[in-house]
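Contents: one structure, followed by commentary.
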Amino acid sequence: MANITVFLCRCFGEIDSAIDFDLLREELSKDTSVSSLSIVDSVCLETDIKKAASQLKESKADRVLIAACSTLLRGNLPVDGLIKEGVERHKIGLVDIREGCAWIHGDDPEGAAKKAKDLINMGLAALRYREASEDMCVTVNPDALVIGTGPAGLAAATSLAKTGFKVNILERANAPGGMLRLISRCYPDNEDASDKLEPYIREVENNPLITFYPQSKIASIEGDTGNFTVQFSSQGKDNSIQSGIIIIATGAKIFFPTGLYRYGEIKNVITQMEFERQILNGSLKTKKTVFIQCVGARDRERPYCSTICCPISLKNAARIVENVPGGRAFILHRGIMTPGNTLEKYYRDTLSKGVQFIRFEEEQPPQIIGSDHVESVEVYDAVTGITRKIETDLVVLSTPLVPNNDNTRLAQMLGIEVDRYGFFSEIYPMHPLETKTDGIFICGSARWPVASDQAILQGKAAAMKAVSYLRQSTIAASTLSRVPGLKSGHACVDADACTGCGNCVAACPFKACHLEKLEGRYISTVNMMKCKACGSCVSVCPNGTIQIPEHNYRMVGEMIKRAF
Amino acid sequence: MNQPKILIFACKWCGLIGADAAGKKRISLPALFRVIPVECAALVETDAIIRALAGGVDGIAVLGCHIGGCRYNNANHTAIKRMELLKDLLDTTGIGSNRLLFSFGTAHEDYQFEEIVKNFFDELVLLPPIDPWL
């Protein structure tokens, strides 16, 4: 039964100079499933797509095979054009005979011709046995949910509201601002922290599109991309909201270095946060301050750099030197991390203000000397080899930001992952603010320690990414491919044959399969919103029940049969 | 002179990009290999590989993305484990694990794809042609 139209592309001589098209024409004329063969100069530039599509619809042929270049394999104009004219996607077959044949076998015309014939036969077989996956369409809830109101969450929420979307904000504390409320000034411009927050907080209070829920505790999150239902309590009252997307901006927490550098044991050994608190309530009293970097960071337990602690010490050391008459500041470090143009200049400026930098090694940390309050710090200067004793009245420890305790619980509720330290995982490398579940975004220190400027930037970026979902009234599951173009299909279960073994449930990298009890037995069910058609389930299924229709067993077998 | 036939399952991302790159550079390669593009190397079943061997294909290559680089959340890790197990199976049954080549990450540049294909051909030329039993 002939029902395939074949287009052979010459590519203006690129292909047919290496492959004998007369031979191909002869072979294809013997194939009974080919109803017509057209040799064109260029499928992408010269073919009249409208004409080709209408010809297809008129003739008995309902499938089309295009043998051309590899660019077409990644989706391109002719394919998109045909689809727009109403040809179904699974009825378009593509074979690469340029990069895959003509251009690499130019010195072997016989081999090239045979290969092209085999590749086209494989393509015809694929087209004959290919089937179409189902698709699923959901209506998108146009509201957004932002969890957390540090600078990242505030920036995200205000961006979304200014774009015209309704935003609900959940905040654990009773006022917005996050960790920025506990700080007096931000580096590198010494901007007042409350001034920085003020325009965002004003927008939250005045914009009618924003609803702020203080003192919230999340009970459960259900649903999928485009339709999340969140049950929570706010100020003691239970509540539930629907949301099309969720932005996680829950921030991080400070690490308290109990047991390190006699913290908690001796007076006047404090953290940077306590330093800020003393500035805010006016109780800071110091003339000779020693800052120690990398306390509880860049060590065996936490081998990462928390990014913000070096600039914070530069900021606070400069304040001592500038505002305290006769004030002196020392920064004991294992490498000052100030990347980029602005921060490098910040470091040099701090140097020129008279702050002293002393480098120590991890194996020889500074020693805190004193009985009930700190009197001096003894440090082995790794650069000069001299042990120095610095008299001091205050030691400030720079500790890293660490993940919040309930990150893992929240991640489980949302169906996303946390990394080995406990911060929320992005999709590395090309989707830095997105997570495994489409429609759930992460920004700010919840994702990785950042200072307020970066947090604000990330919040705005996450908001704009969210808009690309929210502005659609419906979303088809096949569009959730994260690359330009649609997914290649969805996994499909033959319910009669499924034995409920659960292999696919375990193998799926996106947790798209689950077992449902139907008619007294367990049958695997595919959540098309999560399925990305990678095929992990297909190769672990013991009896071929789950398949990707566009790449099914029969099709692969027939392709292999005709490969040589 | 033995003319080995090679079937390559290349993942649409790293694997096929390497093959395309070799094509764009007009690198000359032996003509006796065929490429089947798959979405992810995780889609390549042992069943298909055995069927190909049984059908007279002398060598199978599976090309996927490098560790940590799979866009399907490390589905290639499972694929690598599966290929290792399949190698053991091929050795045990006497077919020989040298007929299966898998490369995860070293095929996304043109010269790497060229090296893989040419080296595989050189290895298979020394083996007797496989006896098709399908």
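If you're wondering about the labels, chains in the structure tokens are A, B, ... by order shown, residues count from 1 in each chain, ligands from 1 in order shown.
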
Which of segment 239-328 of chain A counts as helix (DSSP H, G or I) under DSSP, as a list in words please?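 Those residues are Gln272, Met273, Glu274, Phe275, Glu276, Arg277, Gln278, Ile279, Leu280, Cys309, Cys310, Pro311, Ile312, Ser313, Leu314, Lys315, Asn316, Ala317, Ala318, Arg319, Ile320, Val321, Glu322 and Asn323 of chain A.
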
Could you take the residues named above and write them with C-alpha atoms, as a PDB file, in the first residue's frame?
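Once everything was written out, this is selection_5.pdb:
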```
ATOM      1  CA  GLN A 272      29.103  39.163  61.630  1.00  0.00           C
ATOM      2  CA  MET A 273      25.334  39.195  62.213  1.00  0.00           C
ATOM      3  CA  GLU A 274      25.833  40.048  65.878  1.00  0.00           C
ATOM      4  CA  PHE A 275      28.253  42.782  64.788  1.00  0.00           C
ATOM      5  CA  GLU A 276      25.474  44.262  62.631  1.00  0.00           C
ATOM      6  CA  ARG A 277      23.005  43.960  65.505  1.00  0.00           C
ATOM      7  CA  GLN A 278      25.348  45.842  67.824  1.00  0.00           C
ATOM      8  CA  ILE A 279      25.653  48.596  65.230  1.00  0.00           C
ATOM      9  CA  LEU A 280      21.879  48.814  64.847  1.00  0.00           C
ATOM     10  CA  CYS A 309      31.726  36.915  53.780  1.00  0.00           C
ATOM     11  CA  CYS A 310      34.906  38.532  52.421  1.00  0.00           C
ATOM     12  CA  PRO A 311      33.169  41.654  51.080  1.00  0.00           C
ATOM     13  CA  ILE A 312      31.219  41.841  54.356  1.00  0.00           C
ATOM     14  CA  SER A 313      34.465  41.909  56.332  1.00  0.00           C
ATOM     15  CA  LEU A 314      35.866  44.576  54.024  1.00  0.00           C
ATOM     16  CA  LYS A 315      32.743  46.638  54.696  1.00  0.00           C
ATOM     17  CA  ASN A 316      32.860  46.238  58.472  1.00  0.00           C
ATOM     18  CA  ALA A 317      36.634  46.626  58.814  1.00  0.00           C
ATOM     19  CA  ALA A 318      36.482  49.905  56.885  1.00  0.00           C
ATOM     20  CA  ARG A 319      33.742  51.134  59.230  1.00  0.00           C
ATOM     21  CA  ILE A 320      35.906  50.530  62.283  1.00  0.00           C
ATOM     22  CA  VAL A 321      38.872  52.312  60.721  1.00  0.00           C
ATOM     23  CA  GLU A 322      36.798  55.262  59.480  1.00  0.00           C
ATOM     24  CA  ASN A 323      34.343  55.842  62.340  1.00  0.00           C
TER      25      ASN A 323
END
```

Counting only C-alpha atoms, what is within 12 Å of segment 421-426 of chain A, bar same-chain residues fewer than 5 positions away, as a PyMOL selection string? (chain A and resi 247-253+297+301-306+400-412+414-416+431-438+440-449+462) or (chain B and resi 73)

With only C-alpha atoms counted and 10 Å as the cut-off, give the residues of chain B in contact with chain A, each with its shortest interatomic distance in Å and the pair that gives it, as CSV.
```
residue,atom,partner,partner_atom,distance
B:Lys5,CA,A:Phe564,CA,7.8
B:Ile6,CA,A:Phe564,CA,9.4
B:Leu7,CA,A:Ala563,CA,7.9
B:Cys11,CA,A:Cys534,CA,9.9
B:Lys12,CA,A:Arg74,CA,8.7
B:Trp13,CA,A:Arg74,CA,9.9
B:Leu16,CA,A:Ser70,CA,9.2
B:Ile17,CA,A:Ser70,CA,9.5
B:Ala19,CA,A:Gly100,CA,7.2
B:Asp20,CA,A:Glu99,CA,5.5
B:Ala21,CA,A:Glu99,CA,7.9
B:Ala22,CA,A:Glu99,CA,7.5
B:Gly23,CA,A:Glu99,CA,4.0
B:Lys24,CA,A:Glu99,CA,6.0
B:Lys25,CA,A:Trp103,CA,8.1
B:Arg26,CA,A:Trp103,CA,5.0
B:Ile27,CA,A:Ile104,CA,5.5
B:Ser28,CA,A:Ile104,CA,4.7
B:Leu29,CA,A:Ile104,CA,5.6
B:Pro30,CA,A:His105,CA,6.9
B:Ala31,CA,A:Gly111,CA,5.4
B:Leu32,CA,A:Gly111,CA,7.1
B:Phe33,CA,A:Lys115,CA,8.0
B:Arg34,CA,A:Ala563,CA,6.7
B:Val35,CA,A:Gly100,CA,7.9
B:Ile36,CA,A:Met559,CA,8.4
B:Pro37,CA,A:Leu73,CA,9.3
B:Val38,CA,A:His551,CA,8.2
B:Glu39,CA,A:Cys534,CA,5.8
B:Cys40,CA,A:Cys534,CA,5.4
B:Ala41,CA,A:Cys534,CA,8.2
B:Ala42,CA,A:Ser536,CA,4.9
B:Leu43,CA,A:Gly535,CA,4.2
B:Val44,CA,A:Ser539,CA,6.6
B:Glu45,CA,A:Ser539,CA,4.7
B:Thr46,CA,A:Ser539,CA,7.4
B:Asp47,CA,A:Ser539,CA,8.4
B:Ala48,CA,A:Gly557,CA,6.9
B:Ile49,CA,A:Ile560,CA,9.3
B:Arg51,CA,A:Gly557,CA,7.5
B:Ala52,CA,A:Ile560,CA,6.1
B:Leu53,CA,A:Ile560,CA,9.7
B:Gly55,CA,A:Lys561,CA,6.9
B:Gly56,CA,A:Phe564,CA,8.8
B:Val57,CA,A:Phe564,CA,8.1
B:Gly68,CA,A:Tyr428,CA,8.6
B:Gly69,CA,A:Pro429,CA,8.0
B:Cys70,CA,A:Tyr428,CA,9.5
B:Arg71,CA,A:Ile427,CA,8.5
B:Tyr72,CA,A:Cys534,CA,6.4
B:Asn73,CA,A:Pro509,CA,5.7
B:Asn74,CA,A:Pro509,CA,7.1
B:Ala75,CA,A:Pro509,CA,6.2
B:Asn76,CA,A:Ser536,CA,8.7
B:Thr78,CA,A:Ser536,CA,7.9
B:Ala79,CA,A:Ser536,CA,8.0
B:Arg82,CA,A:Ser539,CA,9.2
B:Leu134,CA,A:Lys561,CA,9.7
```

Can you tell me which residues surround Leu101 of chain B at a distance of at most 12 Å, considering only C-alpha atoms, apart from same-chain residues fewer than 6 positions away, and format the answer as an MDAnalysis selection string? chainID B and resid 6:10 49 58:64 80 83:84 86:87 90 107 116:117 119:121 123:124

Atoms to include: N, CA and C atoms. Write the selected residues as a compact mmCIF listing (two decimals), in the first residue's frame.
```
# COMPACT_ATOMS: atom_id res chain seq x y z
N ILE B 6 28.89 -1.48 11.27
CA ILE B 6 28.70 -0.88 12.59
C ILE B 6 27.37 -0.15 12.64
N LEU B 7 26.63 -0.36 13.74
CA LEU B 7 25.39 0.38 13.97
C LEU B 7 25.63 1.30 15.16
N ILE B 8 25.38 2.58 14.99
CA ILE B 8 25.63 3.54 16.07
C ILE B 8 24.32 4.11 16.56
N PHE B 9 24.05 3.95 17.87
CA PHE B 9 22.93 4.64 18.48
C PHE B 9 23.49 5.92 19.08
N ALA B 10 23.13 7.06 18.53
CA ALA B 10 23.69 8.32 19.04
C ALA B 10 22.59 9.14 19.68
N ILE B 49 20.13 -4.04 20.87
CA ILE B 49 21.54 -4.33 20.57
C ILE B 49 21.70 -5.81 20.21
N ASP B 58 28.21 -6.25 12.88
CA ASP B 58 29.41 -6.70 13.57
C ASP B 58 29.70 -5.94 14.85
N GLY B 59 29.36 -4.68 14.91
CA GLY B 59 29.67 -3.92 16.12
C GLY B 59 28.60 -2.88 16.39
N ILE B 60 28.32 -2.66 17.67
CA ILE B 60 27.33 -1.65 18.06
C ILE B 60 28.03 -0.59 18.88
N ALA B 61 27.77 0.67 18.59
CA ALA B 61 28.30 1.76 19.42
C ALA B 61 27.13 2.55 20.00
N VAL B 62 27.24 2.89 21.26
CA VAL B 62 26.22 3.71 21.91
C VAL B 62 26.89 4.99 22.39
N LEU B 63 26.44 6.12 21.87
CA LEU B 63 27.05 7.39 22.22
C LEU B 63 26.08 8.22 23.04
N GLY B 64 26.54 8.69 24.18
CA GLY B 64 25.68 9.51 25.02
C GLY B 64 26.44 10.71 25.54
N ILE B 80 24.80 3.88 31.28
CA ILE B 80 26.18 3.38 31.39
C ILE B 80 26.21 2.07 32.15
N MET B 83 25.05 -0.71 29.99
CA MET B 83 26.04 -1.11 29.00
C MET B 83 27.13 -1.97 29.63
N GLU B 84 27.53 -1.62 30.85
CA GLU B 84 28.55 -2.43 31.54
C GLU B 84 28.04 -3.84 31.75
N LEU B 86 25.76 -5.32 30.04
CA LEU B 86 25.64 -5.98 28.74
C LEU B 86 26.99 -6.50 28.28
N LYS B 87 28.05 -5.76 28.60
CA LYS B 87 29.39 -6.24 28.25
C LYS B 87 29.67 -7.57 28.92
N LEU B 90 27.72 -10.26 27.12
CA LEU B 90 28.29 -10.63 25.82
C LEU B 90 29.53 -11.49 25.98
N ALA B 107 32.14 11.95 22.36
CA ALA B 107 31.77 11.98 20.95
C ALA B 107 31.14 13.30 20.54
N ILE B 116 36.48 7.66 17.33
CA ILE B 116 35.69 6.52 17.80
C ILE B 116 35.37 5.59 16.64
N VAL B 117 34.87 6.16 15.52
CA VAL B 117 34.47 5.31 14.40
C VAL B 117 35.67 4.57 13.82
N ASN B 119 38.67 3.93 15.17
CA ASN B 119 39.25 2.93 16.08
C ASN B 119 38.39 1.69 16.15
N PHE B 120 37.06 1.89 16.19
CA PHE B 120 36.15 0.75 16.26
C PHE B 120 36.28 -0.12 15.01
N PHE B 121 36.38 0.53 13.84
CA PHE B 121 36.58 -0.23 12.61
C PHE B 121 37.86 -1.05 12.66
N GLU B 123 39.43 -2.17 15.22
CA GLU B 123 39.29 -3.31 16.12
C GLU B 123 38.48 -4.43 15.48
N LEU B 124 37.35 -4.05 14.86
CA LEU B 124 36.44 -5.07 14.34
C LEU B 124 37.01 -5.79 13.12
```

Write down as a PyMOL selection string the residues of segment 118-348 of chain A whose backbone DSSP state falls under strand (DSSP E or B). chain A and resi 137-139+144-147+167-170+185-186+191-192+210-213+216-224+227-234+237-243+245-248+252-254+267+269-271+288-292+328-333

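Computed from the coordinates, the atom CA of Phe21 of chain A to atom CA of Ser35 of chain A distance equals 17.5 Å.
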
Give me the residues near Arg388 of chain A as a PyMOL selection string, where near means some atom within 10 Å (using only C-alpha atoms) and where sequence neighbours in that chain fewer than 6 positions away do not count. chain A and resi 358+366+377-381

Output the selection as an mmCIF file, in the first residue's frame - C-alpha atoms for each residue.
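Everything below was put into again-v3.cif:
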```cif
data_model
loop_
_atom_site.group_PDB
_atom_site.id
_atom_site.type_symbol
_atom_site.label_atom_id
_atom_site.label_comp_id
_atom_site.auth_asym_id
_atom_site.auth_seq_id
_atom_site.Cartn_x
_atom_site.Cartn_y
_atom_site.Cartn_z
ATOM 1 C CA ILE A 358 47.169 38.519 57.359
ATOM 2 C CA PRO A 366 44.582 31.660 64.758
ATOM 3 C CA VAL A 377 44.797 36.748 68.851
ATOM 4 C CA GLU A 378 47.932 34.825 67.944
ATOM 5 C CA VAL A 379 48.315 34.014 64.261
ATOM 6 C CA TYR A 380 51.065 32.369 62.183
ATOM 7 C CA ASP A 381 51.452 34.658 59.175
#
```

Separation of atom CA of Asp110 of chain B from atom CA of Gly18 of chain B, in Å and rounded to one decimal: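 Value for the atom CA of Asp110 of chain B-atom CA of Gly18 of chain B distance: 5.0 Å.
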
Atom CA of Val324 of chain A and atom CA of Ala382 of chain A are how many Å apart?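 Atom-to-atom, atom CA of Val324 of chain A and atom CA of Ala382 of chain A are spaced 29.0 Å apart.
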